[in-house]
>>> print(open('query.pdb').read())   # PDB, N, CA and C atoms
ATOM      1  N   CYS A   1       0.806  -1.206   0.000
ATOM      2  CA  CYS A   1       0.000   0.000   0.000
ATOM      3  C   CYS A   1       0.847   1.267   0.000
ATOM      4  N   GLU A   2       2.066   1.182   0.488
ATOM      5  CA  GLU A   2       2.907   2.373   0.592
ATOM      6  C   GLU A   2       3.126   3.063  -0.753
ATOM      7  N   PRO A   3       3.477   2.333  -1.835
ATOM      8  CA  PRO A   3       3.657   3.010  -3.129
ATOM      9  C   PRO A   3       2.373   3.702  -3.611
ATOM     10  N   VAL A   4       1.235   3.070  -3.370
ATOM     11  CA  VAL A   4      -0.048   3.674  -3.779
ATOM     12  C   VAL A   4      -0.313   4.934  -2.969
ATOM     13  N   GLY A   5       0.009   4.879  -1.680
ATOM     14  CA  GLY A   5      -0.203   6.029  -0.811
ATOM     15  C   GLY A   5       0.577   7.265  -1.226
ATOM     16  N   LYS A   6       1.653   7.074  -1.982
ATOM     17  CA  LYS A   6       2.452   8.212  -2.437
ATOM     18  C   LYS A   6       1.786   8.971  -3.580
ATOM     19  N   VAL A   7       0.876   8.323  -4.306
ATOM     20  CA  VAL A   7       0.283   8.966  -5.476
ATOM     21  C   VAL A   7      -1.242   9.093  -5.413
ATOM     22  N   ALA A   8      -1.891   8.376  -4.506
ATOM     23  CA  ALA A   8      -3.358   8.389  -4.448
ATOM     24  C   ALA A   8      -3.853   9.215  -3.268
ATOM     25  N   ASP A   9      -5.014   9.827  -3.450
ATOM     26  CA  ASP A   9      -5.647  10.564  -2.357
ATOM     27  C   ASP A   9      -6.525   9.658  -1.511
ATOM     28  N   ILE A  10      -7.123   8.652  -2.166
ATOM     29  CA  ILE A  10      -8.022   7.706  -1.500
ATOM     30  C   ILE A  10      -7.610   6.303  -1.913
ATOM     31  N   ILE A  11      -7.551   5.393  -0.948
ATOM     32  CA  ILE A  11      -7.260   3.992  -1.246
ATOM     33  C   ILE A  11      -8.552   3.203  -1.052
ATOM     34  N   GLN A  12      -8.955   2.500  -2.091
ATOM     35  CA  GLN A  12     -10.178   1.714  -2.032
ATOM     36  C   GLN A  12      -9.839   0.244  -1.793
ATOM     37  N   ILE A  13     -10.491  -0.321  -0.800
ATOM     38  CA  ILE A  13     -10.342  -1.744  -0.502
ATOM     39  C   ILE A  13     -11.495  -2.469  -1.203
ATOM     40  N   PRO A  14     -11.198  -3.428  -2.085
ATOM     41  CA  PRO A  14     -12.270  -4.122  -2.798
ATOM     42  C   PRO A  14     -13.147  -4.957  -1.862
ATOM     43  N   ALA A  15     -14.386  -5.154  -2.274
ATOM     44  CA  ALA A  15     -15.356  -5.865  -1.443
ATOM     45  C   ALA A  15     -14.861  -7.245  -1.031
ATOM     46  N   PHE A  16     -14.263  -7.966  -1.944
ATOM     47  CA  PHE A  16     -13.822  -9.327  -1.644
ATOM     48  C   PHE A  16     -12.751  -9.356  -0.550
ATOM     49  N   LEU A  17     -12.028  -8.246  -0.385
ATOM     50  CA  LEU A  17     -10.943  -8.182   0.606
ATOM     51  C   LEU A  17     -11.295  -7.315   1.820
ATOM     52  N   CYS A  18     -12.574  -7.002   1.998
ATOM     53  CA  CYS A  18     -12.987  -6.035   3.015
ATOM     54  C   CYS A  18     -12.729  -6.473   4.453
ATOM     55  N   ARG A  19     -12.425  -7.748   4.683
ATOM     56  CA  ARG A  19     -12.188  -8.227   6.049
ATOM     57  C   ARG A  19     -10.737  -8.640   6.278
ATOM     58  N   GLN A  20      -9.866  -8.361   5.337
ATOM     59  CA  GLN A  20      -8.463  -8.773   5.427
ATOM     60  C   GLN A  20      -7.674  -7.794   6.302
ATOM     61  N   THR A  21      -7.397  -8.207   7.501
ATOM     62  CA  THR A  21      -6.765  -7.327   8.491
ATOM     63  C   THR A  21      -5.440  -6.756   8.008
ATOM     64  N   ASP A  22      -4.565  -7.587   7.462
ATOM     65  CA  ASP A  22      -3.246  -7.097   7.035
ATOM     66  C   ASP A  22      -3.364  -6.003   5.988
ATOM     67  N   LEU A  23      -4.280  -6.173   5.040
ATOM     68  CA  LEU A  23      -4.481  -5.168   3.995
ATOM     69  C   LEU A  23      -5.054  -3.879   4.581
ATOM     70  N   LEU A  24      -6.033  -4.003   5.459
ATOM     71  CA  LEU A  24      -6.643  -2.818   6.063
ATOM     72  C   LEU A  24      -5.631  -2.027   6.891
ATOM     73  N   VAL A  25      -4.812  -2.717   7.656
ATOM     74  CA  VAL A  25      -3.809  -2.042   8.485
ATOM     75  C   VAL A  25      -2.736  -1.389   7.618
ATOM     76  N   ALA A  26      -2.288  -2.093   6.573
ATOM     77  CA  ALA A  26      -1.274  -1.514   5.673
ATOM     78  C   ALA A  26      -1.818  -0.266   4.987
ATOM     79  N   ALA A  27      -3.069  -0.315   4.555
ATOM     80  CA  ALA A  27      -3.685   0.855   3.928
ATOM     81  C   ALA A  27      -3.807   1.997   4.936
ATOM     82  N   ALA A  28      -4.200   1.674   6.154
ATOM     83  CA  ALA A  28      -4.348   2.692   7.199
ATOM     84  C   ALA A  28      -3.043   3.415   7.463
ATOM     85  N   LYS A  29      -1.955   2.692   7.441
ATOM     86  CA  LYS A  29      -0.647   3.283   7.760
ATOM     87  C   LYS A  29      -0.186   4.302   6.720
ATOM     88  N   THR A  30      -0.834   4.357   5.554
ATOM     89  CA  THR A  30      -0.481   5.374   4.568
ATOM     90  C   THR A  30      -0.977   6.755   4.990
ATOM     91  N   GLY A  31      -1.958   6.792   5.886
ATOM     92  CA  GLY A  31      -2.532   8.058   6.307
ATOM     93  C   GLY A  31      -3.560   8.616   5.335
ATOM     94  N   LYS A  32      -3.796   7.919   4.238
ATOM     95  CA  LYS A  32      -4.767   8.372   3.233
ATOM     96  C   LYS A  32      -6.183   7.996   3.659
ATOM     97  N   ILE A  33      -7.166   8.583   2.986
ATOM     98  CA  ILE A  33      -8.554   8.197   3.203
ATOM     99  C   ILE A  33      -8.713   6.768   2.702
ATOM    100  N   ILE A  34      -9.367   5.919   3.498
ATOM    101  CA  ILE A  34      -9.572   4.526   3.129
ATOM    102  C   ILE A  34     -11.066   4.313   2.870
ATOM    103  N   ASN A  35     -11.402   3.882   1.659
ATOM    104  CA  ASN A  35     -12.775   3.556   1.288
ATOM    105  C   ASN A  35     -12.884   2.036   1.230
ATOM    106  N   ILE A  36     -13.662   1.465   2.147
ATOM    107  CA  ILE A  36     -13.836   0.012   2.195
ATOM    108  C   ILE A  36     -15.172  -0.327   1.558
ATOM    109  N   LYS A  37     -15.147  -1.076   0.457
ATOM    110  CA  LYS A  37     -16.389  -1.509  -0.178
ATOM    111  C   LYS A  37     -16.937  -2.709   0.586
ATOM    112  N   LYS A  38     -18.196  -2.638   0.982
ATOM    113  CA  LYS A  38     -18.824  -3.717   1.748
ATOM    114  C   LYS A  38     -19.047  -4.915   0.849
ATOM    115  N   GLY A  39     -18.568  -6.065   1.290
ATOM    116  CA  GLY A  39     -18.805  -7.293   0.541
ATOM    117  C   GLY A  39     -20.293  -7.626   0.541
ATOM    118  N   GLN A  40     -20.777  -8.146  -0.575
ATOM    119  CA  GLN A  40     -22.185  -8.502  -0.667
ATOM    120  C   GLN A  40     -22.549  -9.575   0.348
ATOM    121  N   PHE A  41     -21.548 -10.272   0.842
ATOM    122  CA  PHE A  41     -21.732 -11.359   1.803
ATOM    123  C   PHE A  41     -21.684 -10.864   3.241
ATOM    124  N   CYS A  42     -21.505  -9.550   3.458
ATOM    125  CA  CYS A  42     -21.351  -8.992   4.808
ATOM    126  C   CYS A  42     -22.589  -8.227   5.235
ATOM    127  N   ALA A  43     -22.922  -8.384   6.501
ATOM    128  CA  ALA A  43     -23.960  -7.550   7.102
ATOM    129  C   ALA A  43     -23.329  -6.197   7.450
ATOM    130  N   PRO A  44     -24.134  -5.149   7.549
ATOM    131  CA  PRO A  44     -23.579  -3.839   7.918
ATOM    132  C   PRO A  44     -22.803  -3.874   9.232
ATOM    133  N   SER A  45     -23.255  -4.677  10.183
ATOM    134  CA  SER A  45     -22.573  -4.736  11.475
ATOM    135  C   SER A  45     -21.154  -5.285  11.340
ATOM    136  N   VAL A  46     -20.912  -6.150  10.364
ATOM    137  CA  VAL A  46     -19.574  -6.709  10.137
ATOM    138  C   VAL A  46     -18.611  -5.611   9.694
ATOM    139  N   MET A  47     -19.112  -4.639   8.954
ATOM    140  CA  MET A  47     -18.257  -3.574   8.438
ATOM    141  C   MET A  47     -17.752  -2.656   9.543
ATOM    142  N   THR A  48     -18.433  -2.649  10.676
ATOM    143  CA  THR A  48     -17.934  -1.891  11.818
ATOM    144  C   THR A  48     -16.554  -2.400  12.199
ATOM    145  N   ASN A  49     -16.372  -3.716  12.184
ATOM    146  CA  ASN A  49     -15.079  -4.304  12.531
ATOM    147  C   ASN A  49     -14.003  -3.888  11.534
ATOM    148  N   SER A  50     -14.323  -3.911  10.249
ATOM    149  CA  SER A  50     -13.338  -3.533   9.229
ATOM    150  C   SER A  50     -12.921  -2.074   9.387
ATOM    151  N   ALA A  51     -13.903  -1.202   9.553
ATOM    152  CA  ALA A  51     -13.605   0.223   9.717
ATOM    153  C   ALA A  51     -12.816   0.470  11.003
ATOM    154  N   GLU A  52     -13.149  -0.268  12.026
ATOM    155  CA  GLU A  52     -12.464  -0.112  13.308
ATOM    156  C   GLU A  52     -10.998  -0.549  13.209
ATOM    157  N   LYS A  53     -10.704  -1.550  12.395
ATOM    158  CA  LYS A  53      -9.308  -1.980  12.202
ATOM    159  C   LYS A  53      -8.467  -0.840  11.641
ATOM    160  N   VAL A  54      -9.041  -0.081  10.720
ATOM    161  CA  VAL A  54      -8.326   1.057  10.133
ATOM    162  C   VAL A  54      -8.132   2.137  11.191
ATOM    163  N   ARG A  55      -9.187   2.430  11.926
ATOM    164  CA  ARG A  55      -9.111   3.477  12.952
ATOM    165  C   ARG A  55      -8.103   3.111  14.036
ATOM    166  N   LEU A  56      -8.111   1.863  14.468
ATOM    167  CA  LEU A  56      -7.187   1.430  15.516
ATOM    168  C   LEU A  56      -5.738   1.385  15.045
ATOM    169  N   ALA A  57      -5.545   1.335  13.727
ATOM    170  CA  ALA A  57      -4.189   1.394  13.166
ATOM    171  C   ALA A  57      -3.691   2.837  13.092
ATOM    172  N   GLY A  58      -4.514   3.773  13.570
ATOM    173  CA  GLY A  58      -4.086   5.166  13.647
ATOM    174  C   GLY A  58      -4.617   6.066  12.553
ATOM    175  N   ASN A  59      -5.577   5.596  11.764
ATOM    176  CA  ASN A  59      -6.109   6.418  10.677
ATOM    177  C   ASN A  59      -7.621   6.601  10.861
ATOM    178  N   PRO A  60      -8.061   7.816  11.218
ATOM    179  CA  PRO A  60      -9.493   8.054  11.408
ATOM    180  C   PRO A  60     -10.244   8.327  10.106
ATOM    181  N   ASN A  61      -9.535   8.360   8.986
ATOM    182  CA  ASN A  61     -10.132   8.727   7.694
ATOM    183  C   ASN A  61     -10.678   7.498   6.981
ATOM    184  N   VAL A  62     -11.879   7.058   7.396
ATOM    185  CA  VAL A  62     -12.465   5.823   6.874
ATOM    186  C   VAL A  62     -13.844   6.092   6.299
ATOM    187  N   MET A  63     -14.096   5.501   5.137
ATOM    188  CA  MET A  63     -15.432   5.504   4.535
ATOM    189  C   MET A  63     -15.812   4.049   4.271
ATOM    190  N   VAL A  64     -17.103   3.742   4.400
ATOM    191  CA  VAL A  64     -17.599   2.416   4.059
ATOM    192  C   VAL A  64     -18.607   2.582   2.933
ATOM    193  N   CYS A  65     -18.465   1.761   1.909
ATOM    194  CA  CYS A  65     -19.317   1.858   0.728
ATOM    195  C   CYS A  65     -20.314   0.699   0.715
ATOM    196  N   GLU A  66     -21.596   1.008   0.877
ATOM    197  CA  GLU A  66     -22.674   0.017   0.795
ATOM    198  C   GLU A  66     -22.900  -0.324  -0.671
ATOM    199  N   ARG A  67     -22.877  -1.606  -1.007
ATOM    200  CA  ARG A  67     -22.989  -2.022  -2.408
ATOM    201  C   ARG A  67     -24.189  -2.916  -2.675
ATOM    202  N   GLY A  68     -24.898  -3.309  -1.636
ATOM    203  CA  GLY A  68     -26.020  -4.203  -1.829
ATOM    204  C   GLY A  68     -25.723  -5.589  -1.272
ATOM    205  N   THR A  69     -26.652  -6.492  -1.524
ATOM    206  CA  THR A  69     -26.573  -7.851  -0.992
ATOM    207  C   THR A  69     -26.817  -8.845  -2.107
ATOM    208  N   MET A  70     -26.143  -9.998  -2.044
ATOM    209  CA  MET A  70     -26.334 -11.034  -3.062
ATOM    210  C   MET A  70     -27.736 -11.610  -2.964
ATOM    211  N   PHE A  71     -28.322 -11.837  -4.122
ATOM    212  CA  PHE A  71     -29.628 -12.478  -4.202
ATOM    213  C   PHE A  71     -29.531 -13.466  -5.353
ATOM    214  N   GLY A  72     -29.346 -14.707  -5.035
ATOM    215  CA  GLY A  72     -29.113 -15.677  -6.099
ATOM    216  C   GLY A  72     -27.657 -15.645  -6.529
ATOM    217  N   TYR A  73     -27.384 -16.143  -7.715
ATOM    218  CA  TYR A  73     -26.000 -16.261  -8.163
ATOM    219  C   TYR A  73     -25.463 -15.015  -8.842
ATOM    220  N   SER A  74     -26.281 -14.283  -9.536
ATOM    221  CA  SER A  74     -25.753 -13.124 -10.258
ATOM    222  C   SER A  74     -26.603 -11.876 -10.073
ATOM    223  N   GLU A  75     -27.400 -11.861  -9.043
ATOM    224  CA  GLU A  75     -28.248 -10.705  -8.762
ATOM    225  C   GLU A  75     -27.713  -9.959  -7.549
ATOM    226  N   LEU A  76     -27.661  -8.653  -7.669
ATOM    227  CA  LEU A  76     -27.218  -7.805  -6.561
ATOM    228  C   LEU A  76     -28.344  -6.826  -6.264
ATOM    229  N   ILE A  77     -28.881  -6.905  -5.068
ATOM    230  CA  ILE A  77     -29.994  -6.050  -4.659
ATOM    231  C   ILE A  77     -29.427  -4.919  -3.804
ATOM    232  N   THR A  78     -29.752  -3.698  -4.183
ATOM    233  CA  THR A  78     -29.309  -2.550  -3.402
ATOM    234  C   THR A  78     -30.527  -1.729  -2.986
ATOM    235  N   SER A  79     -30.453  -1.158  -1.804
ATOM    236  CA  SER A  79     -31.595  -0.439  -1.254
ATOM    237  C   SER A  79     -31.095   0.714  -0.392
ATOM    238  N   PHE A  80     -31.762   1.842  -0.506
ATOM    239  CA  PHE A  80     -31.380   2.974   0.338
ATOM    240  C   PHE A  80     -31.738   2.705   1.797
ATOM    241  N   LEU A  81     -32.691   1.818   2.040
ATOM    242  CA  LEU A  81     -32.988   1.410   3.406
ATOM    243  C   LEU A  81     -31.764   0.758   4.030
ATOM    244  N   ARG A  82     -31.046  -0.035   3.239
ATOM    245  CA  ARG A  82     -29.825  -0.690   3.722
ATOM    246  C   ARG A  82     -28.798   0.365   4.141
ATOM    247  N   SER A  83     -28.734   1.472   3.428
ATOM    248  CA  SER A  83     -27.793   2.535   3.799
ATOM    249  C   SER A  83     -28.117   3.075   5.182
ATOM    250  N   SER A  84     -29.413   3.204   5.490
ATOM    251  CA  SER A  84     -29.776   3.713   6.817
ATOM    252  C   SER A  84     -29.359   2.716   7.895
ATOM    253  N   VAL A  85     -29.400   1.416   7.584
ATOM    254  CA  VAL A  85     -28.921   0.409   8.534
ATOM    255  C   VAL A  85     -27.421   0.579   8.743
ATOM    256  N   CYS A  86     -26.692   0.827   7.643
ATOM    257  CA  CYS A  86     -25.247   1.062   7.759
ATOM    258  C   CYS A  86     -24.960   2.268   8.637
ATOM    259  N   PHE A  87     -25.748   3.335   8.477
ATOM    260  CA  PHE A  87     -25.536   4.529   9.286
ATOM    261  C   PHE A  87     -25.687   4.205  10.771
ATOM    262  N   GLN A  88     -26.645   3.336  11.105
ATOM    263  CA  GLN A  88     -26.864   2.979  12.505
ATOM    264  C   GLN A  88     -25.657   2.259  13.092
ATOM    265  N   PHE A  89     -25.058   1.364  12.327
ATOM    266  CA  PHE A  89     -23.919   0.603  12.832
ATOM    267  C   PHE A  89     -22.609   1.375  12.736
ATOM    268  N   LEU A  90     -22.514   2.264  11.779
ATOM    269  CA  LEU A  90     -21.241   2.933  11.493
ATOM    270  C   LEU A  90     -21.301   4.421  11.814
ATOM    271  N   LYS A  91     -21.782   4.763  12.972
ATOM    272  CA  LYS A  91     -21.990   6.160  13.341
ATOM    273  C   LYS A  91     -20.713   6.994  13.306
ATOM    274  N   LEU A  92     -19.562   6.375  13.498
ATOM    275  CA  LEU A  92     -18.304   7.122  13.531
ATOM    276  C   LEU A  92     -17.661   7.268  12.163
ATOM    277  N   PHE A  93     -18.242   6.640  11.132
ATOM    278  CA  PHE A  93     -17.609   6.596   9.822
ATOM    279  C   PHE A  93     -18.553   7.103   8.742
ATOM    280  N   ALA A  94     -17.988   7.625   7.664
ATOM    281  CA  ALA A  94     -18.791   8.051   6.523
ATOM    282  C   ALA A  94     -19.307   6.804   5.787
ATOM    283  N   VAL A  95     -20.546   6.873   5.301
ATOM    284  CA  VAL A  95     -21.134   5.754   4.559
ATOM    285  C   VAL A  95     -21.522   6.259   3.172
ATOM    286  N   LEU A  96     -21.049   5.557   2.141
ATOM    287  CA  LEU A  96     -21.393   5.852   0.757
ATOM    288  C   LEU A  96     -22.352   4.801   0.255
ATOM    289  N   HIS A  97     -23.106   5.117  -0.794
ATOM    290  CA  HIS A  97     -24.016   4.138  -1.390
ATOM    291  C   HIS A  97     -23.669   4.010  -2.864
ATOM    292  N   ASP A  98     -23.195   2.839  -3.256
ATOM    293  CA  ASP A  98     -22.786   2.568  -4.646
ATOM    294  C   ASP A  98     -23.944   1.897  -5.368
ATOM    295  N   VAL A  99     -24.500   2.565  -6.379
ATOM    296  CA  VAL A  99     -25.655   1.996  -7.077
ATOM    297  C   VAL A  99     -25.274   1.432  -8.432
ATOM    298  N   PHE A 100     -24.008   1.399  -8.783
ATOM    299  CA  PHE A 100     -23.596   0.829 -10.063
ATOM    300  C   PHE A 100     -22.712  -0.341  -9.860
TER     301      PHE A 100
END
>>> encode(input="query.pdb", output="structure tokens")
Amino acid sequence: CEPVGKVADIIQIPAFLCRQTDLLVAAAKTGKIINIKKGQFCAPSVMTNSAEKVRLAGNPNVMVCERGTMFGYSELITSFLRSSVCFQFLKLFAVLHDVF
């Protein structure tokens, strides 16, 4: 993450890697804003742990991106109601809603 931190303003953690502690901590240590995309397999409450890993590594600049939930094999359901659930669990962090 260090080379990326030298040229990027925001580091985005992909949804599939949203719970990988080593990656989250390495990204946090860059001091850049960290945008964690919520895995479709994760509940909003799980993302509190991911965001907290970044904060505890010394970086308060965390955003969580709500992307929806898996429905079947290739369907992704997204809802603004889900964003309000994320806000309830992630009161200390910014929450984005990705509709694409």
>>> closest_residue(input="query.pdb", among="A:Ile34, A:Lys6, A:Val25, A:Gln40", to="Leu56 in chain A", atoms="only N, CA and C atoms")
A:Val25
>>> closest_residue(input="query.pdb", among="A:Asp22, A:Cys1, A:Ala28, A:Ala15", to="Gly58 in chain A", atoms="all atoms listed in the file")
A:Ala28
>>> atom_distance(input="query.pdb", atom1="atom C of Ile13 in chain A", atom2="CA of Asn59 in chain A")
15.8 Å
>>> resolve_selection(input="query.pdb", expression="the PyMOL selection byres (((chain A and resi 4 and name CA) around 12) and name CA)", output="ChimeraX atom specification")
/A:1-3,5-12,26-34
>>> axis_aligned_box(input="query.pdb", around="range 53-70 of chain A", padding_each_side="4 Å", output="JSON")
{"center_x": -15.7, "center_y": -1.4, "center_z": 6.2, "size_x": 32.0, "size_y": 28.3, "size_z": 26.6}
>>> closest_residue(input="query.pdb", among="A:Leu24, A:Ala94, A:Met47, A:Cys42", to="Val62 in chain A", atoms="only C-alpha atoms")
A:Ala94
>>> atom_distance(input="query.pdb", atom1="atom C of Lys37 in chain A", atom2="atom N of Val64 in chain A")
7.5 Å
>>> residues_near_point(input="query.pdb", point="(-13.7, 0.0, 7.3)", cutoff="6 Å", atoms="all atoms listed in the file", output="number ranges by chain")
A: 36, 47, 49-52, 54, 62-64
>>> atom_distance(input="query.pdb", atom1="CA of Lys38 in chain A", atom2="atom C of Gln20 in chain A")
12.7 Å
>>> closest_residue(input="query.pdb", among="A:Leu23, A:Leu17, A:Asn61, A:Arg55", to="Gly39 in chain A", atoms="only C-alpha atoms")
A:Leu17
>>> select_by_dssp(input="query.pdb", residues="range 3-76 of chain A", states="strand (DSSP E)", output="PyMOL selection string")
chain A and resi 10-13+33-37+62-66+69-71+75-76
